[in-house]
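K.L.:
CSV, C-alpha atoms, file my_file24.csv:
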chain,number,residue,atom,x,y,z
A,14,MET,CA,-8.1,9.9,11.8
A,15,ALA,CA,-6.9,6.4,10.7
A,16,GLY,CA,-4.8,5.1,7.9
A,17,GLY,CA,-2.9,1.9,7.1
A,18,LEU,CA,-0.2,0.9,4.6
A,19,SER,CA,-1.4,-1.8,2.1
A,20,LEU,CA,-3.1,-4.5,4.1
A,21,GLY,CA,-3.1,-2.2,7.0
A,22,GLU,CA,-5.8,-0.1,5.3
A,23,VAL,CA,-8.3,-2.9,6.1
A,24,THR,CA,-7.2,-2.5,9.8
A,25,ALA,CA,-7.8,1.2,9.5
A,26,VAL,CA,-11.3,0.7,8.0
A,27,THR,CA,-12.1,-1.6,10.8
A,28,ALA,CA,-10.7,0.7,13.5
A,29,ALA,CA,-12.8,3.5,12.0
A,30,GLY,CA,-16.0,1.5,12.7
A,31,MET,CA,-16.9,0.8,9.0
A,32,VAL,CA,-17.1,-2.9,9.7
A,33,ASP,CA,-17.0,-5.1,12.8
A,34,PHE,CA,-14.0,-7.2,13.8
A,35,GLU,CA,-15.4,-10.4,12.2
A,36,HIS,CA,-15.9,-8.8,8.8
A,37,GLY,CA,-12.5,-7.2,9.1
A,38,LEU,CA,-10.9,-10.6,9.5
A,39,LYS,CA,-12.9,-12.0,6.6
A,40,MET,CA,-11.7,-9.2,4.4
A,41,VAL,CA,-8.1,-9.9,5.4
A,42,ALA,CA,-8.4,-13.6,4.7
A,43,ARG,CA,-10.1,-13.3,1.3
A,44,ARG,CA,-7.7,-10.6,0.1
A,45,GLY,CA,-4.8,-12.8,1.0
A,46,GLU,CA,-6.3,-15.9,-0.7
A,47,LEU,CA,-7.0,-14.0,-3.9
A,48,MET,CA,-3.5,-12.3,-4.0
A,49,ASP,CA,-1.8,-15.7,-3.3
A,50,GLU,CA,-3.7,-17.2,-6.3
A,51,CYS,CA,-2.4,-14.4,-8.5
A,52,CYS,CA,1.1,-15.0,-7.2
A,53,ARG,CA,0.9,-18.7,-8.2
A,54,ARG,CA,-0.3,-17.8,-11.7
A,55,THR,CA,2.3,-15.1,-12.4
A,56,ARG,CA,6.0,-14.6,-12.0
A,57,GLY,CA,6.3,-11.3,-10.3
A,58,ALA,CA,8.9,-9.5,-8.2
A,59,MET,CA,9.4,-6.3,-6.2
A,60,LEU,CA,12.4,-4.1,-5.9
A,61,ALA,CA,13.3,-1.6,-3.1
A,62,VAL,CA,15.0,1.5,-4.4
A,63,ILE,CA,16.8,4.0,-2.2
A,64,GLY,CA,17.9,7.4,-3.2
A,65,ALA,CA,16.8,7.5,-6.9
A,66,PRO,CA,15.0,10.5,-8.3
A,67,ASP,CA,11.4,9.9,-9.1
A,68,GLU,CA,12.0,11.1,-12.7
A,69,ALA,CA,14.5,8.3,-13.2
A,70,LEU,CA,12.1,5.7,-11.7
A,71,GLU,CA,9.3,6.9,-14.0
A,72,GLU,CA,11.6,6.4,-17.0
A,73,VAL,CA,12.7,3.0,-15.9
A,74,CYS,CA,9.2,1.9,-15.3
A,75,ARG,CA,8.1,3.1,-18.7
A,76,ASN,CA,11.0,1.3,-20.4
A,77,HIS,CA,10.3,-2.0,-18.7
A,78,GLY,CA,6.5,-2.0,-18.3
A,79,ILE,CA,6.5,-2.0,-14.5
A,80,GLN,CA,5.3,0.5,-11.9
A,81,VAL,CA,6.1,2.1,-8.6
A,82,ALA,CA,4.1,0.1,-6.1
A,83,ASN,CA,5.0,2.0,-2.9
A,84,PHE,CA,5.8,5.7,-2.3
A,85,ASN,CA,6.9,5.1,1.3
A,86,CYS,CA,8.8,8.2,2.2
A,87,PRO,CA,11.3,10.6,0.5
A,88,GLY,CA,13.9,8.6,-1.3
A,89,GLN,CA,12.3,5.2,-0.7
A,90,ARG,CA,10.3,3.6,-3.4
A,91,ILE,CA,9.3,0.0,-4.3
A,92,LEU,CA,9.0,-1.1,-7.9
A,93,SER,CA,6.7,-4.0,-8.9
A,94,GLY,CA,6.0,-6.1,-12.0
A,95,GLU,CA,7.1,-9.1,-14.0
A,96,LYS,CA,10.3,-10.6,-12.5
A,97,ASN,CA,12.5,-10.3,-15.6
A,98,ALA,CA,11.5,-6.7,-16.1
A,99,VAL,CA,12.1,-5.8,-12.4
A,100,GLU,CA,15.6,-7.4,-12.6
A,101,ALA,CA,16.3,-5.4,-15.7
A,102,ALA,CA,15.2,-2.3,-14.0
A,103,ALA,CA,17.5,-3.0,-11.2
A,104,LYS,CA,20.4,-3.1,-13.6
A,105,ASP,CA,19.4,0.2,-15.2
A,106,LEU,CA,19.3,1.9,-11.8
A,107,GLU,CA,22.9,1.0,-11.0
A,108,GLY,CA,24.8,4.2,-10.5
A,109,VAL,CA,21.5,6.1,-10.3
A,110,ALA,CA,20.1,4.8,-7.0
A,111,MET,CA,22.1,4.6,-3.7
A,112,LYS,CA,20.8,1.1,-3.2
A,113,THR,CA,18.5,-1.5,-4.8
A,114,GLN,CA,17.3,-4.8,-3.3
A,115,LEU,CA,15.0,-7.4,-4.5
A,116,LEU,CA,12.4,-8.2,-1.8
A,117,GLU,CA,11.6,-11.7,-0.6
A,118,VAL,CA,7.9,-11.6,-1.6
A,119,ALA,CA,5.7,-14.1,-3.4
A,120,GLY,CA,4.7,-11.8,-6.2
A,121,ALA,CA,4.2,-8.4,-7.7
A,122,TYR,CA,1.9,-6.7,-5.2
A,123,HIS,CA,0.3,-3.4,-6.2
A,124,SER,CA,0.8,-4.0,-9.9
A,125,PRO,CA,-1.4,-5.1,-12.8
A,126,LEU,CA,-0.3,-8.7,-12.2
A,127,MET,CA,-2.8,-8.6,-9.3
A,128,LEU,CA,-5.7,-7.5,-11.5
A,129,GLU,CA,-7.7,-10.8,-11.2
A,130,ALA,CA,-7.4,-10.5,-7.4
A,131,ALA,CA,-8.6,-6.9,-7.5
A,132,GLU,CA,-11.7,-7.8,-9.6
A,133,ALA,CA,-12.6,-10.8,-7.4
A,134,PHE,CA,-12.1,-8.8,-4.2
A,135,ARG,CA,-14.4,-6.0,-5.5
A,136,GLU,CA,-17.1,-8.6,-6.0
A,137,PHE,CA,-16.5,-10.0,-2.5
A,138,LEU,CA,-16.7,-6.6,-0.9
A,139,THR,CA,-20.2,-5.9,-2.3
A,140,ASP,CA,-21.5,-8.3,0.3
A,141,ILE,CA,-19.7,-6.6,3.2
A,142,PRO,CA,-22.0,-4.5,5.4
A,143,PHE,CA,-20.0,-1.2,5.5
A,144,GLY,CA,-21.2,1.6,7.7
A,145,ALA,CA,-20.3,5.2,7.8
A,146,PRO,CA,-16.8,5.9,9.2
A,147,LYS,CA,-16.6,7.2,12.8
A,148,MET,CA,-13.4,9.1,12.0
A,149,PRO,CA,-11.8,10.3,8.8
A,150,LEU,CA,-9.7,7.8,6.8
A,151,VAL,CA,-6.8,8.3,4.5
A,152,HIS,CA,-6.6,5.9,1.5
A,153,ASN,CA,-3.6,4.5,-0.2
A,154,VAL,CA,-5.0,5.0,-3.7
A,155,LEU,CA,-5.8,8.7,-3.1
A,156,GLY,CA,-2.8,9.6,-1.0
A,157,GLY,CA,-5.3,11.3,1.3
A,158,SER,CA,-8.9,11.3,2.5
A,159,CYS,CA,-12.3,11.7,0.7
A,160,GLU,CA,-15.5,13.2,1.9
A,161,ASP,CA,-17.7,10.1,1.6
A,162,SER,CA,-15.6,7.0,2.3
A,163,ARG,CA,-18.7,4.9,2.7
A,164,ALA,CA,-19.8,5.4,-0.9
A,165,GLN,CA,-16.3,4.8,-2.3
A,166,ILE,CA,-14.9,2.1,0.0
A,167,VAL,CA,-15.5,-0.9,-2.2
A,168,ASP,CA,-13.8,0.9,-5.1
A,169,LEU,CA,-10.9,2.1,-3.1
A,170,LEU,CA,-10.1,-1.2,-1.4
A,171,SER,CA,-10.3,-3.2,-4.6
A,172,ARG,CA,-8.3,-0.7,-6.7
A,173,GLN,CA,-5.6,-0.6,-3.9
A,174,ILE,CA,-4.5,-4.1,-4.8
A,175,VAL,CA,-3.3,-3.0,-8.3
A,176,SER,CA,-2.5,0.7,-7.5
A,177,PRO,CA,0.5,2.4,-6.0
A,178,VAL,CA,0.4,2.8,-2.2
A,179,ARG,CA,0.9,6.6,-1.8
A,180,TRP,CA,1.9,6.3,1.9
A,181,GLU,CA,4.1,9.4,2.0
A,182,ASP,CA,1.1,11.5,0.9
A,183,CYS,CA,-1.2,9.7,3.4
A,184,ALA,CA,1.2,10.3,6.2
A,185,ARG,CA,1.5,14.0,5.3
A,186,ALA,CA,-2.3,14.3,5.2
A,187,MET,CA,-2.6,12.8,8.7
A,188,MET,CA,0.2,15.1,10.0
A,189,GLY,CA,-1.8,18.0,8.8
A,190,ALA,CA,-4.9,16.9,10.7
A,191,VAL,CA,-3.7,15.4,14.0
A,192,ASP,CA,-1.3,16.3,16.8
A,193,ALA,CA,0.6,12.9,16.8
A,194,LEU,CA,0.8,9.6,15.1
A,195,TRP,CA,0.5,6.2,16.9
A,196,GLU,CA,1.5,3.0,15.2
A,197,LEU,CA,-0.6,0.1,16.5
A,198,GLY,CA,0.7,-3.4,16.0
A,199,PRO,CA,4.0,-5.3,15.8
A,200,GLY,CA,7.1,-3.4,14.9
A,201,HIS,CA,8.0,0.3,14.3
A,202,VAL,CA,8.2,0.5,10.4
A,203,LEU,CA,5.6,3.2,10.0
A,204,CYS,CA,7.2,5.3,12.7
A,205,GLY,CA,10.5,5.0,10.9
A,206,LEU,CA,8.8,6.2,7.7
A,207,ALA,CA,7.1,9.1,9.6
A,208,ARG,CA,10.5,10.3,10.8
A,209,ARG,CA,11.9,10.3,7.3
A,210,ILE,CA,8.8,12.3,6.1
A,211,ASP,CA,9.0,14.8,8.9
A,212,ARG,CA,11.4,14.1,11.8
A,213,ARG,CA,9.8,16.9,13.9
A,214,PHE,CA,6.3,15.4,13.9
A,215,PRO,CA,5.5,13.2,17.0
A,216,ALA,CA,5.2,9.5,16.1
A,217,GLN,CA,5.2,6.6,18.6
A,218,ALA,CA,4.7,2.9,18.2
A,219,SER,CA,2.6,0.9,20.7
A,220,ASP,CA,3.1,-2.9,20.3
A,221,LEU,CA,-0.2,-4.7,20.8
Please express what this file holds, its structure, as structure tokens.
P.N.:
Amino acid sequence: MAGGLSLGEVTAVTAAGMVDFEHGLKMVARRGELMDECCRRTRGAMLAVIGAPDEALEEVCRNHGIQVANFNCPGQRILSGEKNAVEAAAKDLEGVAMKTQLLEVAGAYHSPLMLEAAEAFREFLTDIPFGAPKMPLVHNVLGGSCEDSRAQIVDLLSRQIVSPVRWEDCARAMMGAVDALWELGPGHVLCGLARRIDRRFPAQASDL
């Protein structure tokens, strides 16, 4: 089984054999270009929130017209949206969250401010020759797997750009299907999240 957080989902789709390496690189490049264009046209921001109840985050998001962009692990969420609204949300969370921190990012990823990028990426993906996956995949939009990834992959990859990344659910789905998790690539961030989701489950990073 394969899964990836945000951009890493393209890596997972490639690792699962749905596209070859060349088309995987083209998808990464085009996705980045489109999202960068949205960042230049909007004034977005993202806020890491530690230790706040999900109910409080939902209320803050409703009040300020923003959304939870990442459900990374228990107690760790990322909010995303228009910069002034995100900053106002940070003030509202004082005394509620253990910690909040504005992220050094170019824009409001996984929020409606990326809508134009999502629509353009959907059109781009229609020309990508996707094959059937050689292993099950978990998808950020769903927080789990689906029976026919091939039929839905264009929709899932394009929607992901504006939708919350349900990584905690994805990780739990993988933990229920495999014996161990291997993080491939630089760093150990996903292993750290895995330990916070279930510290007993084997997770190991392998820098490539």
K.L.:
For atom CA of A:Lys147 and atom CA of A:Gly205, quote the distance in Å rounded to one decimal.
P.N.:
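About the pair atom CA of A:Lys147 and atom CA of A:Gly205: they are 27.3 Å apart.
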K.L.:
Distance atom CA of A:Val81-atom CA of A:Gln217, one decimal place?
P.N.:
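The value is 27.6 Å.
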K.L.:
Could you check how far atom CA of A:Phe143 sits from atom CA of A:Ala121, in Å to one decimal?
P.N.:
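That distance, rounded to one decimal, is 28.5 Å.
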K.L.:
Which is closer to A:Glu35 than all the others in A:Cys204, A:Val23, A:Ile79, A:Glu95, using all atoms listed in the file?
P.N.:
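Of the candidates, the smallest distance to A:Glu35 is held by A:Val23.
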K.L.:
Just want the 12 Å neighbourhood of A:Val32, counted on all atoms listed in the file, with same-chain residues fewer than 6 positions away dropped. Output as a ChimeraX atom specification.
P.N.:
/A:23-26,38-40,138,140-147,163,166
K.L.:
For A:Thr139, which of A:Val167, A:Cys159, A:Cys52, A:Leu115 is the closest residue, counting only C-alpha atoms?
P.N.:
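Distance minimum relative to A:Thr139 lands on A:Val167.
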K.L.:
Is it possible to get the residues within 10 Å of (17.0, 2.7, -13.7) (coordinates as in the file, counting all atoms listed in the file) written as a PyMOL selection string?
P.N.:
chain A and resi 62+65-66+68-74+76-77+99+101-110+113
K.L.:
Let's have the selection written as an mmCIF file, in the coordinates of the input, with C-alpha atoms.
P.N.:
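Output contents, as saved in result12.cif:
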data_model
loop_
_atom_site.group_PDB
_atom_site.id
_atom_site.type_symbol
_atom_site.label_atom_id
_atom_site.label_comp_id
_atom_site.auth_asym_id
_atom_site.auth_seq_id
_atom_site.Cartn_x
_atom_site.Cartn_y
_atom_site.Cartn_z
ATOM 1 C CA VAL A 62 15.000 1.500 -4.400
ATOM 2 C CA ALA A 65 16.800 7.500 -6.900
ATOM 3 C CA PRO A 66 15.000 10.500 -8.300
ATOM 4 C CA GLU A 68 12.000 11.100 -12.700
ATOM 5 C CA ALA A 69 14.500 8.300 -13.200
ATOM 6 C CA LEU A 70 12.100 5.700 -11.700
ATOM 7 C CA GLU A 71 9.300 6.900 -14.000
ATOM 8 C CA GLU A 72 11.600 6.400 -17.000
ATOM 9 C CA VAL A 73 12.700 3.000 -15.900
ATOM 10 C CA CYS A 74 9.200 1.900 -15.300
ATOM 11 C CA ASN A 76 11.000 1.300 -20.400
ATOM 12 C CA HIS A 77 10.300 -2.000 -18.700
ATOM 13 C CA VAL A 99 12.100 -5.800 -12.400
ATOM 14 C CA ALA A 101 16.300 -5.400 -15.700
ATOM 15 C CA ALA A 102 15.200 -2.300 -14.000
ATOM 16 C CA ALA A 103 17.500 -3.000 -11.200
ATOM 17 C CA LYS A 104 20.400 -3.100 -13.600
ATOM 18 C CA ASP A 105 19.400 0.200 -15.200
ATOM 19 C CA LEU A 106 19.300 1.900 -11.800
ATOM 20 C CA GLU A 107 22.900 1.000 -11.000
ATOM 21 C CA GLY A 108 24.800 4.200 -10.500
ATOM 22 C CA VAL A 109 21.500 6.100 -10.300
ATOM 23 C CA ALA A 110 20.100 4.800 -7.000
ATOM 24 C CA THR A 113 18.500 -1.500 -4.800
#
K.L.:
With all atoms listed in the file as the atoms that count, which of A:Arg179, A:Arg209, A:His123, A:Arg185 lies nearest to A:Gln80?
P.N.:
A:His123
K.L.:
Which residues come within 12 Å of A:Arg54, counting only C-alpha atoms, excluding same-chain residues fewer than 6 positions away, as a PDB file with C-alpha atoms, keeping the file's coordinate frame?
P.N.:
ATOM      1  CA  LEU A  47      -7.000 -14.000  -3.900  1.00  0.00           C
ATOM      2  CA  MET A  48      -3.500 -12.300  -4.000  1.00  0.00           C
ATOM      3  CA  GLU A  95       7.100  -9.100 -14.000  1.00  0.00           C
ATOM      4  CA  ALA A 119       5.700 -14.100  -3.400  1.00  0.00           C
ATOM      5  CA  GLY A 120       4.700 -11.800  -6.200  1.00  0.00           C
ATOM      6  CA  ALA A 121       4.200  -8.400  -7.700  1.00  0.00           C
ATOM      7  CA  LEU A 126      -0.300  -8.700 -12.200  1.00  0.00           C
ATOM      8  CA  MET A 127      -2.800  -8.600  -9.300  1.00  0.00           C
ATOM      9  CA  LEU A 128      -5.700  -7.500 -11.500  1.00  0.00           C
ATOM     10  CA  GLU A 129      -7.700 -10.800 -11.200  1.00  0.00           C
ATOM     11  CA  ALA A 130      -7.400 -10.500  -7.400  1.00  0.00           C
TER      12      ALA A 130
END
K.L.:
Which is closest to A:Arg43 among A:Gly156, A:Leu197, A:Gly21, A:Ala133, if we use all atoms listed in the file?
P.N.:
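Comparing A:Gly156, A:Leu197, A:Gly21, A:Ala133 against A:Arg43, the winner is A:Ala133.
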K.L.:
Using all atoms listed in the file, which of A:Ser219, A:Asn153, A:Ser162, A:Gln89 sits nearest A:Glu22?
P.N.:
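Ranked by minimum distance to A:Glu22, first place goes to A:Asn153.
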K.L.:
Place a sphere of radius 6 Å on (5.2, 10.3, 6.8) in the file coordinates and name every protein, DNA or RNA residue with an atom inside or on its surface, counting all atoms listed in the file; give the answer as a PDB file with C-alpha atoms, in the frame of the given file.
P.N.:
ATOM      1  CA  GLU A 181       4.100   9.400   2.000  1.00  0.00           C
ATOM      2  CA  ALA A 184       1.200  10.300   6.200  1.00  0.00           C
ATOM      3  CA  ARG A 185       1.500  14.000   5.300  1.00  0.00           C
ATOM      4  CA  LEU A 206       8.800   6.200   7.700  1.00  0.00           C
ATOM      5  CA  ALA A 207       7.100   9.100   9.600  1.00  0.00           C
ATOM      6  CA  ILE A 210       8.800  12.300   6.100  1.00  0.00           C
TER       7      ILE A 210
END
K.L.:
Compare A:Gly30, A:Pro125, A:Gly78, A:Gly88 by their minimum atom-to-atom distance to A:Ile174, counting all atoms listed in the file, and give me the closest one.
P.N.:
A:Pro125
K.L.:
Please provide the set of residues having any atom within 9 Å of A:Leu116, restricted to only C-alpha atoms, with same-chain residues fewer than 5 positions apart removed, written as an NGL selection string.
P.N.:
:A and (58-61)
K.L.:
Got a minute to add all heavy atoms to stretch 36-47 of chain A and dump it as a short mmCIF file (atom, residue, chain, number, x, y, z; two decimals), keeping the file's coordinate frame?
P.N.:
data_model
loop_
_atom_site.label_atom_id
_atom_site.label_comp_id
_atom_site.auth_asym_id
_atom_site.auth_seq_id
_atom_site.Cartn_x
_atom_site.Cartn_y
_atom_site.Cartn_z
N HIS A 36 -15.98 -9.09 10.25
CA HIS A 36 -15.90 -8.80 8.80
C HIS A 36 -14.53 -8.29 8.42
O HIS A 36 -14.08 -8.53 7.29
CB HIS A 36 -17.01 -7.82 8.42
CG HIS A 36 -18.37 -8.45 8.33
ND1 HIS A 36 -19.27 -8.41 9.37
CD2 HIS A 36 -18.96 -9.14 7.33
CE1 HIS A 36 -20.37 -9.05 9.00
NE2 HIS A 36 -20.20 -9.51 7.78
N GLY A 37 -13.86 -7.60 9.33
CA GLY A 37 -12.50 -7.20 9.10
C GLY A 37 -11.58 -8.38 8.82
O GLY A 37 -10.78 -8.40 7.88
N LEU A 38 -11.72 -9.41 9.67
CA LEU A 38 -10.90 -10.60 9.50
C LEU A 38 -11.27 -11.33 8.19
O LEU A 38 -10.39 -11.85 7.50
CB LEU A 38 -11.17 -11.58 10.67
CG LEU A 38 -10.58 -11.18 12.02
CD1 LEU A 38 -10.93 -12.23 13.07
CD2 LEU A 38 -9.07 -11.02 11.93
N LYS A 39 -12.54 -11.36 7.84
CA LYS A 39 -12.90 -12.00 6.60
C LYS A 39 -12.33 -11.28 5.38
O LYS A 39 -11.92 -11.91 4.41
CB LYS A 39 -14.47 -12.02 6.47
CG LYS A 39 -15.16 -12.99 7.43
CD LYS A 39 -16.67 -12.95 7.27
CE LYS A 39 -17.33 -13.96 8.20
NZ LYS A 39 -18.82 -13.92 8.09
N MET A 40 -12.27 -9.97 5.45
CA MET A 40 -11.70 -9.20 4.40
C MET A 40 -10.18 -9.50 4.25
O MET A 40 -9.66 -9.67 3.14
CB MET A 40 -11.90 -7.71 4.61
CG MET A 40 -13.36 -7.28 4.45
SD MET A 40 -13.71 -5.68 5.25
CE MET A 40 -12.63 -4.58 4.33
N VAL A 41 -9.49 -9.56 5.38
CA VAL A 41 -8.10 -9.90 5.40
C VAL A 41 -7.82 -11.26 4.76
O VAL A 41 -6.94 -11.44 3.91
CB VAL A 41 -7.48 -9.81 6.80
CG1 VAL A 41 -6.08 -10.40 6.84
CG2 VAL A 41 -7.46 -8.37 7.28
N ALA A 42 -8.62 -12.24 5.20
CA ALA A 42 -8.40 -13.60 4.70
C ALA A 42 -8.70 -13.72 3.22
O ALA A 42 -7.91 -14.33 2.48
CB ALA A 42 -9.35 -14.56 5.49
N ARG A 43 -9.79 -13.13 2.76
CA ARG A 43 -10.10 -13.30 1.30
C ARG A 43 -9.13 -12.50 0.46
O ARG A 43 -8.74 -13.00 -0.60
CB ARG A 43 -11.55 -12.71 1.10
CG ARG A 43 -12.05 -12.95 -0.32
CD ARG A 43 -12.04 -14.42 -0.65
NE ARG A 43 -12.51 -14.71 -2.00
CZ ARG A 43 -12.09 -15.72 -2.75
NH1 ARG A 43 -11.17 -16.57 -2.26
NH2 ARG A 43 -12.56 -15.91 -3.96
N ARG A 44 -8.70 -11.34 0.89
CA ARG A 44 -7.70 -10.60 0.10
C ARG A 44 -6.42 -11.40 0.00
O ARG A 44 -5.83 -11.48 -1.09
CB ARG A 44 -7.42 -9.27 0.87
CG ARG A 44 -6.47 -8.31 0.15
CD ARG A 44 -6.29 -7.08 1.05
NE ARG A 44 -5.49 -6.03 0.44
CZ ARG A 44 -4.16 -5.96 0.49
NH1 ARG A 44 -3.48 -6.93 1.09
NH2 ARG A 44 -3.51 -4.95 -0.06
N GLY A 45 -5.99 -12.02 1.09
CA GLY A 45 -4.80 -12.80 1.00
C GLY A 45 -4.91 -14.02 0.12
O GLY A 45 -3.99 -14.35 -0.64
N GLU A 46 -6.06 -14.70 0.17
CA GLU A 46 -6.30 -15.90 -0.70
C GLU A 46 -6.23 -15.46 -2.17
O GLU A 46 -5.59 -16.14 -2.98
CB GLU A 46 -7.66 -16.47 -0.39
CG GLU A 46 -7.74 -17.16 0.96
CD GLU A 46 -9.17 -17.52 1.33
OE1 GLU A 46 -10.11 -17.15 0.57
OE2 GLU A 46 -9.36 -18.17 2.37
N LEU A 47 -6.90 -14.38 -2.52
CA LEU A 47 -7.00 -14.00 -3.90
C LEU A 47 -5.59 -13.51 -4.43
O LEU A 47 -5.21 -13.83 -5.56
CB LEU A 47 -7.97 -12.82 -4.06
CG LEU A 47 -9.43 -13.21 -3.82
CD1 LEU A 47 -10.31 -11.97 -3.76
CD2 LEU A 47 -9.92 -14.16 -4.92
#
